[in-house]
Amino acid sequence: MRIGAIEAGGTKFVCGIGNENGEIEERVSFPTEHPEATMANVIAYFEGKGVEAIGIGTFGPIDIDPSSPTYGHVTTTPKPHWSGFDFLGTLKRKFDVPFGWDTDVNAAAFGEAKWGAAKGLDSCVYYTIGTGVGVGIYSEGKLVHGLVHPEGGHVLTRRHKDDTYEGFCPYHGDCLEGMAAGPAIEKRWSMKGSELPADHPAWAMEAFYIGQAVSSAILMLSPKKIILGGGVMHQRQLFPMIRDEVRKQLNGYVSADPIVNGLDSYIVPPGLGDNAGLSGAIALGLAAAAK
Ligand code: ADP
Ligand code: ZN
């Protein structure tokens, strides 16, 4: 099968074609501009490609309620011109194929459950720690949706005792995203995360915040795997530090074996690496085709 996939990010769009095994056969990428210009690029890419379905994993927030008149639209994003944009409808008018439509992080969680670090499991939680923080949730074999979709990047956090940074979230200031996303690291330490040495105190503080999110996810959702992706998680030294924080914060309360004895293989990087998002979009497209 030829499945079209779109990973729509705030800074760039990646479009590609994959097959039923999640293998990516080709891909292109272009910057996220005005929606009309961006969608013209997407449409030009897929025209004549003969795809049987298209899966979309996108930045949000988005309307994912099929009974809503604005299903498929981007909703309250501060990203100029995208708020209220009919993303899905624009493509549906061009391509008469089944569409999968979900958040970028739900897509990544789905891809990881199908082909990646959570393969064979019926639940996982996927965090991206990048320009923002987002959470995708797969539970009992299904992606989790509710009133809208999970927005676990904006949960409140307990501040680190040495942290005087106010946080950059325009809605909440010092929520998880406001304290732990890439821009928070850069503003707090006046240096890009990628330029801070591995033994800099920034990483202990970062692990403290991400550890809280992971601990809460364990307590709320009891997932069988927690996957941490996004640009900031390229700092691989964070993994053991986050596991230590989770151990400390849970303090022996959760007695499942992967938590007590197996955190090394429970809190992990994406099995699909930086392809998690695009592969997830393929998985969404496949699921739409199967319906
Ligand atoms: P996006 O979230 O926009 O899709 P990324 O997941 O690549 O993209 O995240 C970008 C953010 O991650 C930026 O804030 C950047 O500073 C940060 N980042 C990228 N690479 C690294 C790195 N190696 N170490 C620390 N931070 C990084
Ligand atoms: Zn927030």
# chains A, B, ... in the order shown; residues from 1 in each chain; ligands from 1
call {"tool": "residues_near_ligand", "arguments": {"ligand": "ligand 1", "cutoff": "7 Å", "atoms": "only C-alpha atoms and all ligand atoms", "output": "CSV table (one decimal) with C-alpha atoms, in the first residue's frame"}}
result
chain,number,residue,atom,x,y,z
A,9,GLY,CA,5.0,21.2,12.9
A,10,GLY,CA,5.1,24.8,13.9
A,11,THR,CA,8.4,25.4,12.1
A,128,THR,CA,7.9,15.6,23.0
A,129,ILE,CA,10.1,18.1,24.6
A,130,GLY,CA,11.0,20.6,21.8
A,131,THR,CA,9.9,24.1,20.9
A,132,GLY,CA,6.8,23.2,23.0
A,181,ALA,CA,10.6,23.3,26.6
A,182,GLY,CA,13.7,24.3,24.6
A,183,PRO,CA,12.9,28.0,24.7
A,186,GLU,CA,17.5,29.0,26.4
A,192,LYS,CA,20.8,27.3,23.5
A,193,GLY,CA,20.2,23.9,25.1
A,194,SER,CA,22.3,22.3,22.4
A,230,GLY,CA,11.8,16.0,20.7
A,231,GLY,CA,15.0,18.1,20.3
A,232,VAL,CA,15.7,18.5,24.0
A,233,MET,CA,15.8,14.8,24.5
A,234,HIS,CA,18.8,14.6,22.2
A,235,GLN,CA,20.6,15.3,25.4
call {"tool": "closest_atom_pairs", "arguments": {"of": "chain A", "to": "ligand 2", "cutoff": "12 Å", "atoms": "only C-alpha atoms and all ligand atoms", "output": "tab-separated table"}}
result
residue	atom	partner	partner_atom_place_in_ligand_line	distance
A:Gly132	CA	ligand 2	1 (Zn)	9.3
A:Val133	CA	ligand 2	1 (Zn)	9.1
A:Gly134	CA	ligand 2	1 (Zn)	10.5
A:Glu151	CA	ligand 2	1 (Zn)	9.1
A:Gly152	CA	ligand 2	1 (Zn)	9.2
A:Gly153	CA	ligand 2	1 (Zn)	6.8
A:His154	CA	ligand 2	1 (Zn)	4.0
A:Val155	CA	ligand 2	1 (Zn)	7.0
A:Leu156	CA	ligand 2	1 (Zn)	7.8
A:Thr157	CA	ligand 2	1 (Zn)	10.2
A:Glu166	CA	ligand 2	1 (Zn)	12.0
A:Gly167	CA	ligand 2	1 (Zn)	8.9
A:Phe168	CA	ligand 2	1 (Zn)	8.1
A:Cys169	CA	ligand 2	1 (Zn)	4.7
A:Pro170	CA	ligand 2	1 (Zn)	6.8
A:Tyr171	CA	ligand 2	1 (Zn)	5.3
A:His172	CA	ligand 2	1 (Zn)	4.4
A:Gly173	CA	ligand 2	1 (Zn)	6.3
A:Asp174	CA	ligand 2	1 (Zn)	7.0
A:Cys175	CA	ligand 2	1 (Zn)	4.7
A:Leu176	CA	ligand 2	1 (Zn)	6.7
A:Glu177	CA	ligand 2	1 (Zn)	5.8
A:Gly178	CA	ligand 2	1 (Zn)	5.8
A:Met179	CA	ligand 2	1 (Zn)	9.0
A:Ala180	CA	ligand 2	1 (Zn)	10.6
A:Ala181	CA	ligand 2	1 (Zn)	10.5
A:Ala184	CA	ligand 2	1 (Zn)	11.8
call {"tool": "select_by_dssp", "arguments": {"residues": "segment 69-195 of chain A", "states": "strand (DSSP E or B)", "output": "JSON, numbers by chain"}}
result
{"A": [73, 74, 86, 99, 100, 101, 102, 103, 124, 125, 126, 127, 128, 129, 133, 134, 135, 136, 137, 138, 139, 142, 143, 156, 169, 173, 175]}
call {"tool": "residues_around", "arguments": {"residues": "Gly50 of chain A", "least_positions_apart": "3", "cutoff": "9 Å", "atoms": "only C-alpha atoms", "output": "ChimeraX atom specification"}}
result
/A:2-4,46-47
call {"tool": "write_last_selection", "arguments": {"atoms": "N, CA, C and O atoms", "output": "compact mmCIF listing (two decimals), in the first residue's frame"}}
result
# COMPACT_ATOMS: atom_id res chain seq x y z
N ARG A 2 0.34 2.29 -0.62
CA ARG A 2 1.03 3.58 -0.57
C ARG A 2 0.21 4.53 0.29
O ARG A 2 -0.91 4.91 -0.06
N ILE A 3 0.79 4.87 1.43
CA ILE A 3 0.09 5.73 2.39
C ILE A 3 0.80 7.08 2.46
O ILE A 3 2.02 7.12 2.68
N GLY A 4 0.05 8.14 2.28
CA GLY A 4 0.61 9.48 2.43
C GLY A 4 0.66 9.86 3.90
O GLY A 4 -0.19 9.44 4.69
N PHE A 46 1.59 15.69 -3.09
CA PHE A 46 0.82 14.43 -3.18
C PHE A 46 0.13 14.23 -4.54
O PHE A 46 -0.29 13.12 -4.84
N GLU A 47 0.02 15.29 -5.33
CA GLU A 47 -0.66 15.16 -6.62
C GLU A 47 0.04 14.13 -7.50
O GLU A 47 1.27 14.16 -7.66
call {"tool": "residues_around", "arguments": {"residues": "Phe208 of chain A", "least_positions_apart": "5", "cutoff": "12 Å", "atoms": "only C-alpha atoms", "output": "ChimeraX atom specification"}}
result
/A:157-163,176,179-180,201-203,213-215,238-249
call {"tool": "closest_atom_pairs", "arguments": {"of": "segment 63-145 of chain A", "to": "segment 223-226 of chain A", "cutoff": "6 Å", "atoms": "only C-alpha atoms", "output": "Markdown table"}}
result
| residue | atom | partner | partner_atom | distance |
| --- | --- | --- | --- | --- |
| A:Ser123 | CA | A:Pro223 | CA | 5.3 |
| A:Cys124 | CA | A:Lys225 | CA | 4.7 |
| A:Val125 | CA | A:Ile226 | CA | 5.0 |
call {"tool": "select_by_dssp", "arguments": {"residues": "segment 160-287 of chain A", "states": "alpha helix (DSSP H)", "output": "MDAnalysis selection string"}}
result
chainID A and resid 176:180 182:189 201:221 238:250 257:260 263:266 276:287
call {"tool": "closest_residue", "arguments": {"among": "A:Ala289, A:Val105, A:Leu219, A:Leu284", "to": "Ala256 of chain A", "atoms": "only C-alpha atoms"}}
result
A:Leu219
call {"tool": "residues_around", "arguments": {"residues": "segment 78-86 of chain A", "least_positions_apart": "4", "cutoff": "7 Å", "atoms": "only C-alpha atoms", "output": "PyMOL selection string"}}
result
chain A and resi 34-35+72-74+90
call {"tool": "write_last_selection", "arguments": {"atoms": "C-alpha atoms", "output": "PDB file, in the first residue's frame"}}
result
ATOM      1  CA  HIS A  34       1.000  31.077   5.707  1.00  0.00           C
ATOM      2  CA  PRO A  35      -1.507  28.177   5.571  1.00  0.00           C
ATOM      3  CA  GLY A  72     -10.393  19.174  11.024  1.00  0.00           C
ATOM      4  CA  HIS A  73      -9.721  22.818  11.819  1.00  0.00           C
ATOM      5  CA  VAL A  74      -6.811  24.230  13.802  1.00  0.00           C
ATOM      6  CA  THR A  90      -8.566  21.840   2.355  1.00  0.00           C
TER       7      THR A  90
END
call {"tool": "residues_around", "arguments": {"residues": "Gly111 of chain A", "least_positions_apart": "4", "cutoff": "10 Å", "atoms": "only C-alpha atoms", "output": "CSV table (one decimal) with N, CA, C and O atoms, in the first residue's frame"}}
result
chain,number,residue,atom,x,y,z
A,22,GLY,N,5.2,0.5,7.8
A,22,GLY,CA,5.7,1.7,8.4
A,22,GLY,C,7.0,2.2,7.8
A,22,GLY,O,7.6,3.1,8.3
A,105,VAL,N,1.6,14.5,18.5
A,105,VAL,CA,2.1,13.6,19.6
A,105,VAL,C,1.2,12.3,19.7
A,105,VAL,O,1.7,11.3,20.0
A,106,ASN,N,-0.1,12.5,19.4
A,106,ASN,CA,-0.9,11.2,19.4
A,106,ASN,C,-0.4,10.3,18.2
A,106,ASN,O,-0.3,9.1,18.4
A,107,ALA,N,-0.1,11.0,17.1
A,107,ALA,CA,0.4,10.2,16.0
A,107,ALA,C,1.7,9.5,16.4
A,107,ALA,O,1.9,8.3,16.1
A,115,TRP,N,5.1,0.3,15.7
A,115,TRP,CA,6.4,-0.2,15.1
A,115,TRP,C,7.6,0.2,16.0
A,115,TRP,O,8.7,-0.2,15.6
A,116,GLY,N,7.5,0.9,17.1
A,116,GLY,CA,8.6,1.4,17.8
A,116,GLY,C,8.8,0.9,19.2
A,116,GLY,O,8.6,-0.3,19.4
A,117,ALA,N,9.2,1.7,20.1
A,117,ALA,CA,9.5,1.3,21.5
A,117,ALA,C,8.4,0.7,22.3
A,117,ALA,O,8.7,0.0,23.2
A,118,ALA,N,7.2,0.9,21.9
A,118,ALA,CA,6.0,0.3,22.6
A,118,ALA,C,5.4,-0.8,21.7
A,118,ALA,O,4.2,-1.2,22.0
A,119,LYS,N,6.1,-1.3,20.8
A,119,LYS,CA,5.6,-2.4,19.9
A,119,LYS,C,5.0,-3.5,20.7
A,119,LYS,O,5.7,-4.0,21.6
A,270,PRO,N,12.4,7.4,21.6
A,270,PRO,CA,11.6,6.8,20.6
A,270,PRO,C,12.3,5.7,19.9
A,270,PRO,O,13.5,5.9,19.5
A,271,GLY,N,11.7,4.6,19.7
A,271,GLY,CA,12.3,3.5,18.9
A,271,GLY,C,12.4,3.9,17.5
A,271,GLY,O,13.3,3.3,16.8
A,272,LEU,N,11.6,4.8,17.0
A,272,LEU,CA,11.6,5.2,15.6
A,272,LEU,C,12.5,6.4,15.4
A,272,LEU,O,12.5,7.0,14.4
A,275,ASN,N,11.9,9.7,13.3
A,275,ASN,CA,10.9,9.4,12.4
A,275,ASN,C,9.5,9.1,13.1
A,275,ASN,O,8.5,8.8,12.4
A,276,ALA,N,9.5,9.2,14.4
A,276,ALA,CA,8.3,8.8,15.2
A,276,ALA,C,7.1,9.6,14.6
A,276,ALA,O,6.0,9.0,14.4
A,277,GLY,N,7.2,10.9,14.4
A,277,GLY,CA,6.1,11.7,13.9
A,277,GLY,C,5.6,11.2,12.5
A,277,GLY,O,4.4,11.0,12.3
A,278,LEU,N,6.5,11.1,11.6
A,278,LEU,CA,6.1,10.7,10.2
A,278,LEU,C,5.5,9.3,10.2
A,278,LEU,O,4.5,9.0,9.5
A,279,SER,N,6.2,8.4,10.9
A,279,SER,CA,5.7,7.0,10.9
A,279,SER,C,4.3,7.0,11.6
A,279,SER,O,3.5,6.2,11.1
A,280,GLY,N,4.2,7.8,12.6
A,280,GLY,CA,2.9,7.9,13.2
A,280,GLY,C,1.8,8.3,12.3
A,280,GLY,O,0.7,7.8,12.3
A,281,ALA,N,2.1,9.3,11.4
A,281,ALA,CA,1.1,9.7,10.4
A,281,ALA,C,0.8,8.6,9.5
A,281,ALA,O,-0.3,8.5,9.0
A,282,ILE,N,1.8,7.8,9.1
A,282,ILE,CA,1.5,6.6,8.2
A,282,ILE,C,0.5,5.7,9.0
A,282,ILE,O,-0.4,5.2,8.4
A,283,ALA,N,0.8,5.5,10.3
A,283,ALA,CA,-0.1,4.6,11.0
A,283,ALA,C,-1.5,5.1,11.1
A,283,ALA,O,-2.5,4.4,10.9
A,284,LEU,N,-1.6,6.5,11.2
A,284,LEU,CA,-3.0,7.1,11.2
A,284,LEU,C,-3.6,6.9,9.8
A,284,LEU,O,-4.8,6.6,9.7
call {"tool": "decode", "arguments": {"residues": "segment 240-253 of chain A", "atoms": "N, CA, C and O atoms", "output": "PDB file, in the first residue's frame"}}
result
ATOM      1  N   PRO A 240      18.942   8.965  32.346  1.00  0.00           N
ATOM      2  CA  PRO A 240      19.160   8.450  33.712  1.00  0.00           C
ATOM      3  C   PRO A 240      18.758   9.462  34.791  1.00  0.00           C
ATOM      4  O   PRO A 240      18.282   9.059  35.861  1.00  0.00           O
ATOM      5  N   MET A 241      18.897  10.747  34.494  1.00  0.00           N
ATOM      6  CA  MET A 241      18.537  11.759  35.488  1.00  0.00           C
ATOM      7  C   MET A 241      17.018  11.792  35.702  1.00  0.00           C
ATOM      8  O   MET A 241      16.532  11.939  36.825  1.00  0.00           O
ATOM      9  N   ILE A 242      16.280  11.660  34.608  1.00  0.00           N
ATOM     10  CA  ILE A 242      14.810  11.646  34.715  1.00  0.00           C
ATOM     11  C   ILE A 242      14.356  10.386  35.459  1.00  0.00           C
ATOM     12  O   ILE A 242      13.484  10.431  36.325  1.00  0.00           O
ATOM     13  N   ARG A 243      14.983   9.250  35.145  1.00  0.00           N
ATOM     14  CA  ARG A 243      14.612   8.005  35.857  1.00  0.00           C
ATOM     15  C   ARG A 243      14.847   8.165  37.351  1.00  0.00           C
ATOM     16  O   ARG A 243      14.017   7.728  38.171  1.00  0.00           O
ATOM     17  N   ASP A 244      15.956   8.791  37.729  1.00  0.00           N
ATOM     18  CA  ASP A 244      16.233   9.011  39.162  1.00  0.00           C
ATOM     19  C   ASP A 244      15.176   9.909  39.796  1.00  0.00           C
ATOM     20  O   ASP A 244      14.741   9.658  40.920  1.00  0.00           O
ATOM     21  N   GLU A 245      14.789  10.958  39.083  1.00  0.00           N
ATOM     22  CA  GLU A 245      13.755  11.852  39.610  1.00  0.00           C
ATOM     23  C   GLU A 245      12.442  11.095  39.822  1.00  0.00           C
ATOM     24  O   GLU A 245      11.764  11.268  40.832  1.00  0.00           O
ATOM     25  N   VAL A 246      12.091  10.274  38.838  1.00  0.00           N
ATOM     26  CA  VAL A 246      10.826   9.531  38.927  1.00  0.00           C
ATOM     27  C   VAL A 246      10.871   8.584  40.135  1.00  0.00           C
ATOM     28  O   VAL A 246       9.917   8.488  40.912  1.00  0.00           O
ATOM     29  N   ARG A 247      11.997   7.915  40.298  1.00  0.00           N
ATOM     30  CA  ARG A 247      12.183   7.018  41.438  1.00  0.00           C
ATOM     31  C   ARG A 247      11.979   7.789  42.747  1.00  0.00           C
ATOM     32  O   ARG A 247      11.262   7.362  43.647  1.00  0.00           O
ATOM     33  N   LYS A 248      12.622   8.960  42.826  1.00  0.00           N
ATOM     34  CA  LYS A 248      12.530   9.791  44.031  1.00  0.00           C
ATOM     35  C   LYS A 248      11.105  10.285  44.252  1.00  0.00           C
ATOM     36  O   LYS A 248      10.569  10.227  45.358  1.00  0.00           O
ATOM     37  N   GLN A 249      10.501  10.773  43.192  1.00  0.00           N
ATOM     38  CA  GLN A 249       9.186  11.400  43.335  1.00  0.00           C
ATOM     39  C   GLN A 249       8.107  10.373  43.652  1.00  0.00           C
ATOM     40  O   GLN A 249       7.207  10.634  44.453  1.00  0.00           O
ATOM     41  N   LEU A 250       8.170   9.185  43.039  1.00  0.00           N
ATOM     42  CA  LEU A 250       7.159   8.155  43.342  1.00  0.00           C
ATOM     43  C   LEU A 250       7.425   7.533  44.714  1.00  0.00           C
ATOM     44  O   LEU A 250       6.522   7.042  45.369  1.00  0.00           O
ATOM     45  N   ASN A 251       8.677   7.530  45.102  1.00  0.00           N
ATOM     46  CA  ASN A 251       9.073   7.093  46.445  1.00  0.00           C
ATOM     47  C   ASN A 251       8.517   5.722  46.838  1.00  0.00           C
ATOM     48  O   ASN A 251       8.022   5.520  47.949  1.00  0.00           O
ATOM     49  N   GLY A 252       8.564   4.797  45.885  1.00  0.00           N
ATOM     50  CA  GLY A 252       8.181   3.425  46.195  1.00  0.00           C
ATOM     51  C   GLY A 252       6.693   3.136  46.168  1.00  0.00           C
ATOM     52  O   GLY A 252       6.263   2.017  46.457  1.00  0.00           O
ATOM     53  N   TYR A 253       5.895   4.129  45.802  1.00  0.00           N
ATOM     54  CA  TYR A 253       4.439   3.965  45.905  1.00  0.00           C
ATOM     55  C   TYR A 253       3.858   3.029  44.853  1.00  0.00           C
ATOM     56  O   TYR A 253       2.935   2.288  45.125  1.00  0.00           O
TER      57      TYR A 253
END
